[in-house]
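Enquirer: What follows is a single structure, and I will ask about it in a moment.
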Amino acid sequence: MQLNHQVALITGAGQGIGQAIALKLAEQGADIALNVRSDDERAQAVRVAIEACGRRCEVLVADVSSVVAVRAMVAQAAAAFPRIDILVNNAGIERRAGFLEVEEADYDQVLNTNLKGPFFLTQAFAAHCRRAGHPGKVINISSVHEELPFPNFSPYCMSKGGLKMLMRNLAIELAPLGITVNNVAPGAIRTPINSKLLDDPAQVSRLETQIPLRRLGLPSDVAGLVAFLASDDAGYITGTTYVVDGGLLWNYAEQ
């Protein structure tokens with residue numbers, strides 16, 4: 001197993017892409033620090049599934065938009081496990097509103113969760129690696145919208161564009177510590193964040209006609225790439241975004 005005896009901290013891991021990543025890394029041999037907003041039935045179901053893989057799982061409740069909370073979470077994970085080897089910044093939210101209607105509260109919530117959270121969580125993780133004297137892997141779950149405009153979702157696109165530049169900068173700055181930093185940019189994936197889309201078969205059909213592979217992605221499509229980037233096979237890869245979109249970016253246009 002490629003990740004045997006390693007520990008991965010994964011944010012927003014109670015459902016969707018985060019859940020799939022947690023299970024995939026556990027299958028590859030990693031123990032999991034599972035970040036969720038609340039320790040509910042979904043979180044416990046993921047924990048049980050991870051333990052069924054023969055791996056250890058600790059559920060860590062924290063709001064990643066809070067700097068105090070993310071620093072405490074890293075300390076909690078470091079106390080629960082011998083070390084933390086992999087950080088997956090997956091937690092993210094979006095709010096639909098035309099630019100002229102965006103409220104400050106929604107703007108703050110999106111940017112704090114999607115950009116400030118990964119910034120300070122990565123800072124705490126890198127400090128942990130430096131203290132422990134070992135390398136690490138940071139993998140951010142970004143979006144095709146770090147490149148592709150998405151009308152009515154300006155704060156979301158800003159957060160993902162910022163995450164791209166954060167990744168590029170940290171790949172250089174953290175390289176002396178042996179920490180690699182990469183982004184994974186999903187396209188249209190069947191997750192709860194896209195529930196409104198998935199409930200409209202006509203809209204799904206229109207979208208699929210613009211995807212060369214003619215289907216929406218699955219969380220497992222993203223998780224497989226994350227597992228590779230977390231492994232030693234990707235040890236010389238840093239500062240790069242990897243797109244998982246079925247070819248959507250080739251000629252996509254909002255309809």
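By order in the structure tokens, chains are A, B, ...; within a chain, residues start at 1; ligands start at 1, following the order shown.
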Can you pull out the residues contacting A:Gly217? Cut-off 10 Å, using only C-alpha atoms, and skip same-chain residues under 3 positions away; I want them as a ChimeraX atom specification.

Expert: /A:186-191,211,213-214,220-222,244-246

Enquirer: Running DSSP on the backbone, which parts of stretch 79-129 of chain A land in alpha helix (DSSP H), as a VMD selection string?

Expert: chain A and resid 79 to 80 104 to 111 117 to 129

Enquirer: Generate a file of the selected residues that holds N, CA and C atoms, formatted as a JSON list (two decimals), in the first residue's frame.

Expert:
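The file below, result-v5.json, is the result:
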```json
[["chain", "number", "residue", "atom", "x", "y", "z"],
["A", 79, "ALA", "N", -1.35, 15.60, 18.22],
["A", 79, "ALA", "CA", -1.37, 14.90, 19.50],
["A", 79, "ALA", "C", -1.95, 13.49, 19.36],
["A", 80, "ALA", "N", -2.87, 13.32, 18.40],
["A", 80, "ALA", "CA", -3.55, 12.03, 18.25],
["A", 80, "ALA", "C", -2.72, 11.03, 17.45],
["A", 104, "GLU", "N", -22.06, 41.20, 1.89],
["A", 104, "GLU", "CA", -20.75, 41.09, 2.54],
["A", 104, "GLU", "C", -20.63, 39.79, 3.33],
["A", 105, "ALA", "N", -21.69, 39.39, 3.99],
["A", 105, "ALA", "CA", -21.63, 38.17, 4.80],
["A", 105, "ALA", "C", -21.34, 36.95, 3.95],
["A", 106, "ASP", "N", -21.99, 36.87, 2.78],
["A", 106, "ASP", "CA", -21.75, 35.73, 1.89],
["A", 106, "ASP", "C", -20.34, 35.78, 1.31],
["A", 107, "TYR", "N", -19.90, 36.97, 0.93],
["A", 107, "TYR", "CA", -18.54, 37.14, 0.43],
["A", 107, "TYR", "C", -17.53, 36.65, 1.47],
["A", 108, "ASP", "N", -17.69, 37.10, 2.70],
["A", 108, "ASP", "CA", -16.75, 36.72, 3.76],
["A", 108, "ASP", "C", -16.78, 35.21, 4.01],
["A", 109, "GLN", "N", -17.97, 34.64, 4.00],
["A", 109, "GLN", "CA", -18.07, 33.21, 4.28],
["A", 109, "GLN", "C", -17.36, 32.38, 3.21],
["A", 110, "VAL", "N", -17.55, 32.74, 1.95],
["A", 110, "VAL", "CA", -16.92, 32.00, 0.85],
["A", 110, "VAL", "C", -15.40, 32.17, 0.89],
["A", 111, "LEU", "N", -14.91, 33.41, 0.98],
["A", 111, "LEU", "CA", -13.47, 33.64, 0.97],
["A", 111, "LEU", "C", -12.79, 33.07, 2.22],
["A", 117, "GLY", "N", -9.01, 29.73, 5.03],
["A", 117, "GLY", "CA", -8.86, 28.45, 5.72],
["A", 117, "GLY", "C", -7.66, 27.66, 5.22],
["A", 118, "PRO", "N", -7.56, 27.38, 3.90],
["A", 118, "PRO", "CA", -6.38, 26.68, 3.39],
["A", 118, "PRO", "C", -5.06, 27.41, 3.67],
["A", 119, "PHE", "N", -5.09, 28.75, 3.63],
["A", 119, "PHE", "CA", -3.87, 29.51, 3.89],
["A", 119, "PHE", "C", -3.33, 29.21, 5.29],
["A", 120, "PHE", "N", -4.18, 29.39, 6.30],
["A", 120, "PHE", "CA", -3.70, 29.24, 7.67],
["A", 120, "PHE", "C", -3.57, 27.78, 8.09],
["A", 121, "LEU", "N", -4.36, 26.91, 7.48],
["A", 121, "LEU", "CA", -4.20, 25.48, 7.79],
["A", 121, "LEU", "C", -2.88, 24.96, 7.21],
["A", 122, "THR", "N", -2.56, 25.39, 6.01],
["A", 122, "THR", "CA", -1.28, 25.00, 5.42],
["A", 122, "THR", "C", -0.12, 25.58, 6.24],
["A", 123, "GLN", "N", -0.29, 26.80, 6.73],
["A", 123, "GLN", "CA", 0.74, 27.40, 7.57],
["A", 123, "GLN", "C", 0.99, 26.55, 8.82],
["A", 124, "ALA", "N", -0.10, 26.14, 9.47],
["A", 124, "ALA", "CA", 0.03, 25.31, 10.68],
["A", 124, "ALA", "C", 0.63, 23.94, 10.35],
["A", 125, "PHE", "N", 0.23, 23.37, 9.23],
["A", 125, "PHE", "CA", 0.77, 22.07, 8.81],
["A", 125, "PHE", "C", 2.26, 22.17, 8.51],
["A", 126, "ALA", "N", 2.66, 23.22, 7.78],
["A", 126, "ALA", "CA", 4.07, 23.39, 7.44],
["A", 126, "ALA", "C", 4.92, 23.59, 8.69],
["A", 127, "ALA", "N", 4.38, 24.34, 9.65],
["A", 127, "ALA", "CA", 5.10, 24.54, 10.91],
["A", 127, "ALA", "C", 5.26, 23.21, 11.65],
["A", 128, "HIS", "N", 4.23, 22.38, 11.62],
["A", 128, "HIS", "CA", 4.30, 21.04, 12.22],
["A", 128, "HIS", "C", 5.40, 20.21, 11.55],
["A", 129, "CYS", "N", 5.44, 20.22, 10.21],
["A", 129, "CYS", "CA", 6.46, 19.46, 9.50],
["A", 129, "CYS", "C", 7.86, 19.96, 9.84]]
```

Enquirer: A:Leu148, A:Ile193, A:Leu198, A:Val181: which is nearest A:Thr238, counting only C-alpha atoms?

Expert: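 Ranking A:Leu148, A:Ile193, A:Leu198, A:Val181 by distance to A:Thr238, first place goes to A:Val181.
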
Enquirer: Could you list, as a PyMOL selection string, every residue within 12 Å of A:Met165, counting only C-alpha atoms and ignoring same-chain residues fewer than 4 positions away?

Expert: chain A and resi 115+119+140+142+146-147+158-161+169-172+181-183+239-241

Enquirer: Please produce a file of the residues just selected, as a PDB file, in the first residue's frame, where the atoms kept are N, CA and C atoms.

Expert:
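Output contents, as saved in part-v3.pdb:
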```pdb
ATOM      1  N   LEU A 115     -10.399  30.143   1.000  1.00  0.00           N
ATOM      2  CA  LEU A 115      -9.055  30.677   0.795  1.00  0.00           C
ATOM      3  C   LEU A 115      -8.313  30.939   2.104  1.00  0.00           C
ATOM      4  N   PHE A 119      -5.088  28.750   3.629  1.00  0.00           N
ATOM      5  CA  PHE A 119      -3.867  29.514   3.894  1.00  0.00           C
ATOM      6  C   PHE A 119      -3.334  29.211   5.291  1.00  0.00           C
ATOM      7  N   ASN A 140      -4.558  20.829  -2.571  1.00  0.00           N
ATOM      8  CA  ASN A 140      -5.744  21.675  -2.484  1.00  0.00           C
ATOM      9  C   ASN A 140      -6.772  21.229  -3.513  1.00  0.00           C
ATOM     10  N   SER A 142      -9.220  22.514  -5.674  1.00  0.00           N
ATOM     11  CA  SER A 142      -9.597  23.789  -6.267  1.00  0.00           C
ATOM     12  C   SER A 142     -10.827  23.584  -7.146  1.00  0.00           C
ATOM     13  N   GLU A 146     -10.839  28.118 -11.137  1.00  0.00           N
ATOM     14  CA  GLU A 146      -9.637  28.909 -10.894  1.00  0.00           C
ATOM     15  C   GLU A 146      -9.171  29.516 -12.219  1.00  0.00           C
ATOM     16  N   GLU A 147      -9.721  29.000 -13.333  1.00  0.00           N
ATOM     17  CA  GLU A 147      -9.429  29.517 -14.675  1.00  0.00           C
ATOM     18  C   GLU A 147     -10.680  29.998 -15.400  1.00  0.00           C
ATOM     19  N   MET A 158     -13.107  33.932  -7.310  1.00  0.00           N
ATOM     20  CA  MET A 158     -11.983  34.640  -6.692  1.00  0.00           C
ATOM     21  C   MET A 158     -11.229  33.729  -5.729  1.00  0.00           C
ATOM     22  N   SER A 159     -11.976  32.978  -4.944  1.00  0.00           N
ATOM     23  CA  SER A 159     -11.323  32.111  -3.956  1.00  0.00           C
ATOM     24  C   SER A 159     -10.498  31.024  -4.633  1.00  0.00           C
ATOM     25  N   LYS A 160     -10.995  30.486  -5.728  1.00  0.00           N
ATOM     26  CA  LYS A 160     -10.266  29.418  -6.413  1.00  0.00           C
ATOM     27  C   LYS A 160      -9.088  29.985  -7.210  1.00  0.00           C
ATOM     28  N   GLY A 161      -9.258  31.170  -7.796  1.00  0.00           N
ATOM     29  CA  GLY A 161      -8.130  31.811  -8.449  1.00  0.00           C
ATOM     30  C   GLY A 161      -7.033  32.146  -7.456  1.00  0.00           C
ATOM     31  N   ASN A 169       2.856  29.914  -5.108  1.00  0.00           N
ATOM     32  CA  ASN A 169       3.798  30.598  -4.232  1.00  0.00           C
ATOM     33  C   ASN A 169       4.358  29.661  -3.162  1.00  0.00           C
ATOM     34  N   LEU A 170       3.460  28.887  -2.534  1.00  0.00           N
ATOM     35  CA  LEU A 170       3.904  27.999  -1.453  1.00  0.00           C
ATOM     36  C   LEU A 170       4.758  26.853  -1.980  1.00  0.00           C
ATOM     37  N   ALA A 171       4.534  26.434  -3.225  1.00  0.00           N
ATOM     38  CA  ALA A 171       5.373  25.377  -3.794  1.00  0.00           C
ATOM     39  C   ALA A 171       6.832  25.797  -3.788  1.00  0.00           C
ATOM     40  N   ILE A 172       7.085  27.094  -4.008  1.00  0.00           N
ATOM     41  CA  ILE A 172       8.452  27.610  -3.983  1.00  0.00           C
ATOM     42  C   ILE A 172       8.920  27.821  -2.548  1.00  0.00           C
ATOM     43  N   VAL A 181       3.336  21.154  -2.980  1.00  0.00           N
ATOM     44  CA  VAL A 181       2.019  21.783  -2.951  1.00  0.00           C
ATOM     45  C   VAL A 181       1.440  21.738  -4.355  1.00  0.00           C
ATOM     46  N   ASN A 182       0.277  21.121  -4.496  1.00  0.00           N
ATOM     47  CA  ASN A 182      -0.387  21.020  -5.793  1.00  0.00           C
ATOM     48  C   ASN A 182      -1.891  21.224  -5.646  1.00  0.00           C
ATOM     49  N   ASN A 183      -2.529  21.611  -6.742  1.00  0.00           N
ATOM     50  CA  ASN A 183      -3.979  21.747  -6.788  1.00  0.00           C
ATOM     51  C   ASN A 183      -4.589  20.657  -7.658  1.00  0.00           C
ATOM     52  N   GLY A 239       3.745  22.659  -7.434  1.00  0.00           N
ATOM     53  CA  GLY A 239       3.427  23.917  -8.083  1.00  0.00           C
ATOM     54  C   GLY A 239       2.541  23.800  -9.303  1.00  0.00           C
ATOM     55  N   THR A 240       1.705  22.766  -9.352  1.00  0.00           N
ATOM     56  CA  THR A 240       0.930  22.488 -10.557  1.00  0.00           C
ATOM     57  C   THR A 240      -0.533  22.225 -10.235  1.00  0.00           C
ATOM     58  N   THR A 241      -1.412  22.656 -11.131  1.00  0.00           N
ATOM     59  CA  THR A 241      -2.832  22.302 -11.044  1.00  0.00           C
ATOM     60  C   THR A 241      -3.115  21.151 -12.003  1.00  0.00           C
TER      61      THR A 241
END
```

Enquirer: Would you list the contacts of A:Val7 as a ChimeraX atom specification, taking every protein, DNA or RNA residue within 9 Å and counting only C-alpha atoms, but skipping same-chain residues closer than 3 positions in sequence?

Expert: /A:3-4,29-33,81-87

Enquirer: Would you output that residue set with N, CA and C atoms, as a CSV table (one decimal), in the first residue's frame?

Expert:
```
chain,number,residue,atom,x,y,z
A,3,LEU,N,0.6,4.4,0.8
A,3,LEU,CA,0.6,5.3,1.9
A,3,LEU,C,0.7,4.7,3.3
A,4,ASN,N,1.2,3.5,3.3
A,4,ASN,CA,1.3,2.8,4.6
A,4,ASN,C,2.0,3.6,5.7
A,29,GLY,N,-3.6,2.8,2.6
A,29,GLY,CA,-2.8,2.5,3.8
A,29,GLY,C,-2.6,3.7,4.8
A,30,ALA,N,-3.3,4.8,4.5
A,30,ALA,CA,-3.1,6.0,5.4
A,30,ALA,C,-4.1,6.0,6.6
A,31,ASP,N,-3.7,6.4,7.7
A,31,ASP,CA,-4.6,6.7,8.8
A,31,ASP,C,-5.1,8.1,8.5
A,32,ILE,N,-6.3,8.4,9.0
A,32,ILE,CA,-7.1,9.6,8.6
A,32,ILE,C,-7.5,10.5,9.8
A,33,ALA,N,-7.1,11.8,9.7
A,33,ALA,CA,-7.7,12.8,10.6
A,33,ALA,C,-8.8,13.4,9.8
A,81,PHE,N,-1.9,11.5,16.5
A,81,PHE,CA,-1.1,10.7,15.7
A,81,PHE,C,0.4,11.0,15.9
A,82,PRO,N,1.3,10.0,15.5
A,82,PRO,CA,2.7,10.3,15.6
A,82,PRO,C,3.2,11.5,14.8
A,83,ARG,N,2.5,11.7,13.7
A,83,ARG,CA,2.9,12.9,12.8
A,83,ARG,C,1.8,13.0,11.7
A,84,ILE,N,1.8,14.1,11.1
A,84,ILE,CA,0.9,14.4,10.0
A,84,ILE,C,1.7,14.5,8.7
A,85,ASP,N,1.5,13.7,7.7
A,85,ASP,CA,2.3,13.7,6.5
A,85,ASP,C,1.6,14.4,5.3
A,86,ILE,N,0.3,14.4,5.3
A,86,ILE,CA,-0.5,14.8,4.1
A,86,ILE,C,-1.6,15.7,4.6
A,87,LEU,N,-1.7,16.9,3.9
A,87,LEU,CA,-2.9,17.8,4.1
A,87,LEU,C,-3.7,17.9,2.9
```

Enquirer: Would you list the contacts of A:Gln210 as a list in words, taking every protein, DNA or RNA residue within 12 Å and counting only C-alpha atoms, but skipping same-chain residues closer than 3 positions in sequence?

Expert: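 After dropping sequence-adjacent residues, the list is Gly187, Ala188, Gln203, Val204, Ser205, Arg206, Leu207, Leu213, Arg214, Arg215, Leu216, Asp245, Gly246, Gly247, Leu248, Leu249, Trp250, Asn251, Tyr252, Ala253, Glu254 and Gln255 of chain A.
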